[in-house]
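Structure file start.tsv; described as TSV, N, CA and C atoms.
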```
chain	number	residue	atom	x	y	z
P	1	MET	N	-151.49	-125.28	-148.32
P	1	MET	CA	-151.30	-125.13	-149.74
P	1	MET	C	-152.58	-125.49	-150.49
P	2	GLU	N	-153.27	-126.51	-150.01
P	2	GLU	CA	-154.52	-126.91	-150.66
P	2	GLU	C	-155.56	-125.80	-150.55
P	3	ASP	N	-155.62	-125.15	-149.38
P	3	ASP	CA	-156.56	-124.04	-149.21
P	3	ASP	C	-156.24	-122.90	-150.17
P	4	GLU	N	-154.96	-122.60	-150.33
P	4	GLU	CA	-154.57	-121.54	-151.26
P	4	GLU	C	-154.96	-121.90	-152.69
P	5	ARG	N	-154.80	-123.16	-153.06
P	5	ARG	CA	-155.16	-123.60	-154.41
P	5	ARG	C	-156.67	-123.44	-154.63
P	6	ARG	N	-157.47	-123.84	-153.62
P	6	ARG	CA	-158.92	-123.71	-153.75
P	6	ARG	C	-159.34	-122.25	-153.87
P	7	LYS	N	-158.74	-121.39	-153.04
P	7	LYS	CA	-159.06	-119.96	-153.11
P	7	LYS	C	-158.70	-119.38	-154.47
P	8	ALA	N	-157.56	-119.79	-155.02
P	8	ALA	CA	-157.14	-119.30	-156.33
P	8	ALA	C	-158.10	-119.77	-157.41
P	9	GLN	N	-158.58	-121.02	-157.31
P	9	GLN	CA	-159.52	-121.53	-158.30
P	9	GLN	C	-160.84	-120.77	-158.24
P	10	LYS	N	-161.31	-120.49	-157.01
P	10	LYS	CA	-162.56	-119.75	-156.86
P	10	LYS	C	-162.43	-118.33	-157.40
P	11	ALA	N	-161.24	-117.76	-157.26
P	11	ALA	CA	-161.01	-116.39	-157.74
P	11	ALA	C	-160.69	-116.36	-159.24
P	12	GLY	N	-160.69	-117.53	-159.89
P	12	GLY	CA	-160.42	-117.57	-161.32
P	12	GLY	C	-158.96	-117.69	-161.67
P	13	GLY	N	-158.12	-117.98	-160.69
P	13	GLY	CA	-156.68	-118.12	-160.93
P	13	GLY	C	-156.35	-119.46	-161.56
P	14	LYS	N	-155.16	-119.55	-162.10
P	14	LYS	CA	-154.71	-120.80	-162.71
P	14	LYS	C	-154.41	-121.82	-161.62
P	15	ASN	N	-154.58	-123.08	-161.96
P	15	ASN	CA	-154.32	-124.17	-161.02
P	15	ASN	C	-152.85	-124.57	-161.12
P	16	ARG	N	-151.96	-123.77	-160.50
P	16	ARG	CA	-150.52	-124.05	-160.55
P	16	ARG	C	-150.00	-124.22	-159.13
P	17	ILE	N	-149.10	-125.16	-158.98
P	17	ILE	CA	-148.39	-125.30	-157.72
P	17	ILE	C	-147.07	-124.60	-157.90
P	18	ARG	N	-146.82	-123.57	-157.13
P	18	ARG	CA	-145.59	-122.80	-157.28
P	18	ARG	C	-144.45	-123.42	-156.47
P	19	VAL	N	-144.75	-124.14	-155.45
P	19	VAL	CA	-143.73	-124.73	-154.60
P	19	VAL	C	-144.04	-126.22	-154.48
P	20	THR	N	-143.04	-127.06	-154.69
P	20	THR	CA	-143.29	-128.49	-154.60
P	20	THR	C	-143.51	-128.88	-153.15
P	21	LYS	N	-144.27	-129.91	-152.97
P	21	LYS	CA	-144.56	-130.40	-151.63
P	21	LYS	C	-143.50	-131.41	-151.22
P	22	ALA	N	-143.01	-131.27	-150.03
P	22	ALA	CA	-142.08	-132.25	-149.49
P	22	ALA	C	-142.89	-133.39	-148.87
P	23	ARG	N	-142.31	-134.55	-148.84
P	23	ARG	CA	-143.02	-135.67	-148.22
P	23	ARG	C	-143.03	-135.54	-146.70
P	24	GLU	N	-141.93	-135.02	-146.17
P	24	GLU	CA	-141.85	-134.86	-144.72
P	24	GLU	C	-141.23	-133.52	-144.39
P	25	MET	N	-141.74	-132.89	-143.33
P	25	MET	CA	-141.18	-131.62	-142.87
P	25	MET	C	-140.80	-131.76	-141.40
P	26	TYR	N	-139.68	-131.16	-141.08
P	26	TYR	CA	-139.18	-131.20	-139.71
P	26	TYR	C	-138.81	-129.80	-139.26
P	27	ALA	N	-138.75	-129.63	-137.98
P	27	ALA	CA	-138.16	-128.42	-137.39
P	27	ALA	C	-136.81	-128.85	-136.84
P	28	ALA	N	-135.75	-128.22	-137.31
P	28	ALA	CA	-134.39	-128.62	-136.91
P	28	ALA	C	-133.64	-127.43	-136.35
P	29	ARG	N	-132.95	-127.67	-135.25
P	29	ARG	CA	-132.08	-126.66	-134.66
P	29	ARG	C	-130.67	-127.24	-134.72
P	30	PHE	N	-129.84	-126.70	-135.63
P	30	PHE	CA	-128.49	-127.22	-135.82
P	30	PHE	C	-127.48	-126.55	-134.90
P	31	GLY	N	-127.88	-125.53	-134.19
P	31	GLY	CA	-126.97	-124.83	-133.29
P	31	GLY	C	-126.83	-125.57	-131.97
P	32	PHE	N	-125.91	-125.12	-131.17
P	32	PHE	CA	-125.63	-125.80	-129.91
P	32	PHE	C	-126.29	-125.12	-128.70
P	33	SER	N	-126.75	-123.91	-128.85
P	33	SER	CA	-127.31	-123.20	-127.69
P	33	SER	C	-128.84	-123.18	-127.78
P	34	PRO	N	-129.50	-122.99	-126.64
P	34	PRO	CA	-130.96	-122.92	-126.65
P	34	PRO	C	-131.49	-121.74	-127.46
P	35	THR	N	-130.66	-120.72	-127.66
P	35	THR	CA	-131.12	-119.55	-128.42
P	35	THR	C	-130.89	-119.70	-129.92
P	36	SER	N	-130.34	-120.84	-130.36
P	36	SER	CA	-130.14	-121.07	-131.80
P	36	SER	C	-131.49	-121.08	-132.51
P	37	MET	N	-131.49	-120.60	-133.74
P	37	MET	CA	-132.74	-120.54	-134.50
P	37	MET	C	-133.15	-121.93	-134.96
P	38	THR	N	-134.46	-122.12	-135.06
P	38	THR	CA	-135.03	-123.37	-135.55
P	38	THR	C	-135.48	-123.14	-136.98
P	39	PHE	N	-135.11	-124.06	-137.88
P	39	PHE	CA	-135.44	-123.93	-139.29
P	39	PHE	C	-136.35	-125.06	-139.73
P	40	ARG	N	-137.17	-124.78	-140.72
P	40	ARG	CA	-137.98	-125.82	-141.34
P	40	ARG	C	-137.10	-126.58	-142.31
P	41	VAL	N	-137.15	-127.90	-142.25
P	41	VAL	CA	-136.38	-128.75	-143.15
P	41	VAL	C	-137.37	-129.62	-143.92
P	42	ASP	N	-137.38	-129.46	-145.24
P	42	ASP	CA	-138.26	-130.25	-146.10
P	42	ASP	C	-137.45	-131.37	-146.72
P	43	LEU	N	-137.92	-132.60	-146.58
P	43	LEU	CA	-137.22	-133.75	-147.15
P	43	LEU	C	-138.14	-134.46	-148.14
P	44	HIS	N	-137.57	-134.76	-149.29
P	44	HIS	CA	-138.34	-135.40	-150.34
P	44	HIS	C	-137.44	-136.39	-151.07
P	45	ASN	N	-137.89	-137.62	-151.19
P	45	ASN	CA	-137.17	-138.66	-151.93
P	45	ASN	C	-135.74	-138.86	-151.45
P	46	CYS	N	-135.57	-139.27	-150.22
P	46	CYS	CA	-134.25	-139.59	-149.69
P	46	CYS	C	-133.92	-141.02	-150.12
P	47	ARG	N	-133.12	-141.16	-151.14
P	47	ARG	CA	-132.83	-142.48	-151.70
P	47	ARG	C	-131.80	-143.22	-150.87
P	48	GLY	N	-132.17	-144.41	-150.42
P	48	GLY	CA	-131.25	-145.26	-149.70
P	48	GLY	C	-131.01	-144.86	-148.26
P	49	MET	N	-131.68	-143.82	-147.78
P	49	MET	CA	-131.49	-143.37	-146.40
P	49	MET	C	-132.85	-143.00	-145.82
P	50	THR	N	-132.94	-143.12	-144.52
P	50	THR	CA	-134.15	-142.63	-143.86
P	50	THR	C	-134.01	-141.12	-143.66
P	51	THR	N	-135.11	-140.47	-143.41
P	51	THR	CA	-135.06	-139.03	-143.20
P	51	THR	C	-134.24	-138.67	-141.96
P	52	ASP	N	-134.31	-139.51	-140.94
P	52	ASP	CA	-133.50	-139.26	-139.74
P	52	ASP	C	-132.01	-139.31	-140.06
P	53	GLU	N	-131.62	-140.26	-140.92
P	53	GLU	CA	-130.20	-140.36	-141.30
P	53	GLU	C	-129.75	-139.14	-142.09
P	54	VAL	N	-130.63	-138.62	-142.93
P	54	VAL	CA	-130.28	-137.42	-143.71
P	54	VAL	C	-130.03	-136.24	-142.78
P	55	ILE	N	-130.94	-136.01	-141.86
P	55	ILE	CA	-130.79	-134.88	-140.93
P	55	ILE	C	-129.55	-135.07	-140.06
P	56	ASN	N	-129.32	-136.29	-139.58
P	56	ASN	CA	-128.13	-136.54	-138.77
P	56	ASN	C	-126.85	-136.37	-139.57
P	57	ASP	N	-126.85	-136.75	-140.85
P	57	ASP	CA	-125.66	-136.54	-141.69
P	57	ASP	C	-125.37	-135.06	-141.87
P	58	VAL	N	-126.40	-134.26	-142.06
P	58	VAL	CA	-126.19	-132.81	-142.17
P	58	VAL	C	-125.56	-132.30	-140.88
P	59	TYR	N	-126.10	-132.72	-139.77
P	59	TYR	CA	-125.60	-132.26	-138.47
P	59	TYR	C	-124.17	-132.75	-138.22
P	60	ASN	N	-123.87	-134.00	-138.57
P	60	ASN	CA	-122.57	-134.58	-138.26
P	60	ASN	C	-121.46	-134.23	-139.24
P	61	TYR	N	-121.79	-134.03	-140.52
P	61	TYR	CA	-120.75	-133.88	-141.53
P	61	TYR	C	-120.63	-132.49	-142.15
P	62	CYS	N	-121.57	-131.61	-141.88
P	62	CYS	CA	-121.51	-130.25	-142.45
P	62	CYS	C	-121.04	-129.27	-141.39
P	63	ARG	N	-120.25	-128.30	-141.84
P	63	ARG	CA	-119.89	-127.22	-140.93
P	63	ARG	C	-121.13	-126.38	-140.69
P	64	ILE	N	-121.32	-125.98	-139.45
P	64	ILE	CA	-122.50	-125.21	-139.06
P	64	ILE	C	-122.04	-123.81	-138.66
P	65	TYR	N	-122.64	-122.78	-139.26
P	65	TYR	CA	-122.34	-121.39	-138.91
P	65	TYR	C	-123.63	-120.72	-138.47
P	66	GLY	N	-123.65	-120.27	-137.24
P	66	GLY	CA	-124.85	-119.59	-136.74
P	66	GLY	C	-126.08	-120.47	-136.77
P	67	GLY	N	-125.88	-121.77	-136.59
P	67	GLY	CA	-127.00	-122.69	-136.61
P	67	GLY	C	-127.50	-123.02	-138.00
P	68	TYR	N	-126.69	-122.72	-139.03
P	68	TYR	CA	-127.12	-122.94	-140.41
P	68	TYR	C	-126.03	-123.72	-141.15
P	69	PRO	N	-126.36	-124.83	-141.83
P	69	PRO	CA	-125.36	-125.65	-142.51
P	69	PRO	C	-124.66	-124.89	-143.65
P	70	LYS	N	-123.35	-125.04	-143.73
P	70	LYS	CA	-122.53	-124.35	-144.74
P	70	LYS	C	-123.00	-124.63	-146.18
P	71	PRO	N	-123.35	-125.87	-146.56
P	71	PRO	CA	-123.81	-126.09	-147.94
P	71	PRO	C	-125.04	-125.25	-148.30
P	72	LEU	N	-125.93	-125.03	-147.33
P	72	LEU	CA	-127.10	-124.22	-147.61
P	72	LEU	C	-126.74	-122.74	-147.71
P	73	ILE	N	-125.77	-122.31	-146.92
P	73	ILE	CA	-125.28	-120.93	-147.03
P	73	ILE	C	-124.70	-120.70	-148.42
P	74	GLU	N	-123.86	-121.64	-148.88
P	74	GLU	CA	-123.23	-121.51	-150.19
P	74	GLU	C	-124.27	-121.58	-151.32
P	75	ALA	N	-125.25	-122.45	-151.18
P	75	ALA	CA	-126.30	-122.54	-152.21
P	75	ALA	C	-127.06	-121.22	-152.30
P	76	HIS	N	-127.35	-120.63	-151.17
P	76	HIS	CA	-128.07	-119.35	-151.17
P	76	HIS	C	-127.21	-118.25	-151.79
P	77	GLN	N	-125.93	-118.21	-151.43
P	77	GLN	CA	-125.04	-117.18	-151.97
P	77	GLN	C	-124.88	-117.32	-153.48
P	78	ASN	N	-124.82	-118.55	-153.97
P	78	ASN	CA	-124.62	-118.77	-155.40
P	78	ASN	C	-125.89	-118.67	-156.23
P	79	SER	N	-127.03	-118.60	-155.57
P	79	SER	CA	-128.28	-118.53	-156.32
P	79	SER	C	-128.91	-117.14	-156.28
P	80	CYS	N	-128.26	-116.20	-155.64
P	80	CYS	CA	-128.82	-114.85	-155.51
P	80	CYS	C	-128.31	-113.93	-156.61
P	81	PHE	N	-129.19	-113.08	-157.08
P	81	PHE	CA	-128.84	-112.02	-158.03
P	81	PHE	C	-128.88	-110.69	-157.29
P	82	LEU	N	-128.03	-109.79	-157.70
P	82	LEU	CA	-128.18	-108.42	-157.24
P	82	LEU	C	-129.44	-107.86	-157.90
P	83	PHE	N	-130.06	-106.88	-157.26
P	83	PHE	CA	-131.30	-106.34	-157.80
P	83	PHE	C	-131.09	-105.77	-159.20
P	84	GLN	N	-129.96	-105.11	-159.42
P	84	GLN	CA	-129.68	-104.53	-160.73
P	84	GLN	C	-129.54	-105.63	-161.79
P	85	ASP	N	-128.89	-106.75	-161.43
P	85	ASP	CA	-128.77	-107.87	-162.37
P	85	ASP	C	-130.15	-108.44	-162.71
P	86	PHE	N	-130.98	-108.55	-161.69
P	86	PHE	CA	-132.34	-109.05	-161.90
P	86	PHE	C	-133.11	-108.13	-162.86
P	87	GLN	N	-133.01	-106.83	-162.64
P	87	GLN	CA	-133.70	-105.87	-163.50
P	87	GLN	C	-133.19	-105.97	-164.95
P	88	ASN	N	-131.88	-106.12	-165.12
P	88	ASN	CA	-131.32	-106.26	-166.47
P	88	ASN	C	-131.80	-107.53	-167.16
P	89	LEU	N	-131.81	-108.65	-166.44
P	89	LEU	CA	-132.30	-109.90	-167.03
P	89	LEU	C	-133.78	-109.80	-167.39
P	90	LEU	N	-134.55	-109.17	-166.52
P	90	LEU	CA	-135.97	-109.00	-166.78
P	90	LEU	C	-136.21	-108.13	-168.01
P	91	ALA	N	-135.44	-107.05	-168.14
P	91	ALA	CA	-135.57	-106.17	-169.30
P	91	ALA	C	-135.19	-106.90	-170.59
P	92	GLN	N	-134.12	-107.68	-170.55
P	92	GLN	CA	-133.70	-108.44	-171.73
P	92	GLN	C	-134.77	-109.45	-172.15
P	93	ALA	N	-135.32	-110.16	-171.18
P	93	ALA	CA	-136.36	-111.15	-171.48
P	93	ALA	C	-137.60	-110.47	-172.03
P	94	THR	N	-137.94	-109.32	-171.50
P	94	THR	CA	-139.12	-108.59	-171.98
P	94	THR	C	-138.94	-108.16	-173.43
P	95	VAL	N	-137.76	-107.65	-173.76
P	95	VAL	CA	-137.50	-107.20	-175.13
P	95	VAL	C	-137.43	-108.38	-176.09
P	96	ARG	N	-136.70	-109.42	-175.73
P	96	ARG	CA	-136.51	-110.57	-176.63
P	96	ARG	C	-137.80	-111.35	-176.86
P	97	LEU	N	-138.56	-111.54	-175.80
P	97	LEU	CA	-139.76	-112.38	-175.90
P	97	LEU	C	-141.02	-111.58	-176.15
P	98	GLY	N	-140.94	-110.27	-176.00
P	98	GLY	CA	-142.12	-109.43	-176.19
P	98	GLY	C	-143.18	-109.69	-175.15
P	99	SER	N	-142.76	-110.07	-173.97
P	99	SER	CA	-143.72	-110.40	-172.91
P	99	SER	C	-143.77	-109.29	-171.88
P	100	LYS	N	-144.78	-109.38	-171.03
P	100	LYS	CA	-144.92	-108.42	-169.94
P	100	LYS	C	-144.52	-109.10	-168.63
P	101	PRO	N	-143.73	-108.44	-167.81
P	101	PRO	CA	-143.38	-109.04	-166.52
P	101	PRO	C	-144.61	-109.15	-165.62
P	102	GLN	N	-144.71	-110.23	-164.89
P	102	GLN	CA	-145.79	-110.42	-163.93
P	102	GLN	C	-145.20	-110.41	-162.54
P	103	SER	N	-145.96	-109.90	-161.61
P	103	SER	CA	-145.47	-109.90	-160.23
P	103	SER	C	-145.47	-111.34	-159.71
P	104	GLN	N	-144.46	-111.66	-158.94
P	104	GLN	CA	-144.32	-113.00	-158.38
P	104	GLN	C	-144.67	-112.97	-156.90
P	105	PRO	N	-145.24	-114.05	-156.40
P	105	PRO	CA	-145.51	-114.09	-154.96
P	105	PRO	C	-144.20	-114.11	-154.18
P	106	SER	N	-144.23	-113.59	-153.00
P	106	SER	CA	-143.04	-113.54	-152.16
P	106	SER	C	-142.69	-114.94	-151.67
P	107	MET	N	-141.42	-115.29	-151.76
P	107	MET	CA	-140.94	-116.58	-151.25
P	107	MET	C	-140.22	-116.40	-149.91
P	108	ASP	N	-140.33	-115.21	-149.33
P	108	ASP	CA	-139.64	-114.93	-148.07
P	108	ASP	C	-140.00	-115.93	-146.98
P	109	ILE	N	-141.25	-116.38	-146.97
P	109	ILE	CA	-141.70	-117.29	-145.92
P	109	ILE	C	-140.91	-118.59	-145.95
P	110	LEU	N	-140.41	-118.98	-147.13
P	110	LEU	CA	-139.66	-120.23	-147.24
P	110	LEU	C	-138.28	-120.16	-146.61
P	111	PHE	N	-137.75	-118.96	-146.48
P	111	PHE	CA	-136.39	-118.80	-146.00
P	111	PHE	C	-136.32	-118.21	-144.60
P	112	GLN	N	-137.44	-118.22	-143.89
P	112	GLN	CA	-137.48	-117.72	-142.53
P	112	GLN	C	-137.22	-118.87	-141.57
P	113	PRO	N	-136.77	-118.56	-140.38
P	113	PRO	CA	-136.67	-119.60	-139.36
P	113	PRO	C	-138.04	-120.19	-139.09
P	114	PHE	N	-138.08	-121.44	-138.72
P	114	PHE	CA	-139.34	-122.12	-138.44
P	114	PHE	C	-140.09	-121.40	-137.33
P	115	GLY	N	-141.35	-121.13	-137.54
P	115	GLY	CA	-142.18	-120.48	-136.53
P	115	GLY	C	-142.08	-118.97	-136.53
P	116	ALA	N	-141.33	-118.38	-137.47
P	116	ALA	CA	-141.22	-116.92	-137.51
P	116	ALA	C	-142.55	-116.34	-137.98
P	117	SER	N	-142.88	-115.18	-137.47
P	117	SER	CA	-144.17	-114.59	-137.78
P	117	SER	C	-144.13	-113.69	-139.00
P	118	GLY	N	-142.99	-113.47	-139.59
P	118	GLY	CA	-142.88	-112.62	-140.76
P	118	GLY	C	-142.02	-111.41	-140.48
P	119	LYS	N	-141.84	-110.61	-141.51
P	119	LYS	CA	-140.98	-109.44	-141.38
P	119	LYS	C	-141.74	-108.26	-140.86
```
With the file now loaded, output its structure as structure tokens.
Amino acid sequence: MEDERRKAQKAGGKNRIRVTKAREMYAARFGFSPTSMTFRVDLHNCRGMTTDEVINDVYNYCRIYGGYPKPLIEAHQNSCFLFQDFQNLLAQATVRLGSKPQSQPSMDILFQPFGASGK
């Protein structure tokens, strides 16, 4: 991330952090088989618990589907827009604010299994 920030500064880009940094990152496999996918787990500010306790609580107390914790599945489902909804919201914001839409960097890398090489 630091390298990307330096490259953006050299290219005249704004000094913005688009993704917050986690204090600790882990590779976690919540599935039971060796073929289960491994995911990156970012932990930041675990109050009153160690990071190991947080990961173990997810494993012990959350339902796991396909090697993925149910609360994260639900969070993803509830935070997604259909493409048409996104286009409508973008058009409304453009008209109301008189602004121009800017292209956003892809966040796909954040939602890939740990170690995936991309799409």
Item to check | Test item, helix (DSSP H, G or I) assignment across segment 74-117 of chain P, answer as a PyMOL selection string | outcome: chain P and resi 74-79+83-97+108-111
Checklist entry - atom C of Tyr65 of chain P and atom N of Phe30 of chain P are how many Å apart? => result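 Separation of atom C of Tyr65 of chain P and atom N of Phe30 of chain P: 9.1 Å.
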Item to check | Shell of 8 Å around segment 67-77 of chain P, all atoms listed in the file, local chain residues under 5 positions omitted, as a ChimeraX atom specification | outcome: /P:28-33,36-39,58-59,62
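Separating atom CA of Lys10 of chain P from atom CA of Ser106 of chain P is a distance of 21.0 Å.
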Checklist entry - Can you find the residues with an atom no farther than 8 Å from (-138.0, -122.2, -145.6), counting all atoms listed in the file, and report them as number ranges by chain? => result P: 39-42, 107-114
Checklist entry - Can you list every residue in chain P that DSSP puts in strand (DSSP E or B), as a ChimeraX atom specification? => result /P:24-28,39-43,64-65,68-69,113
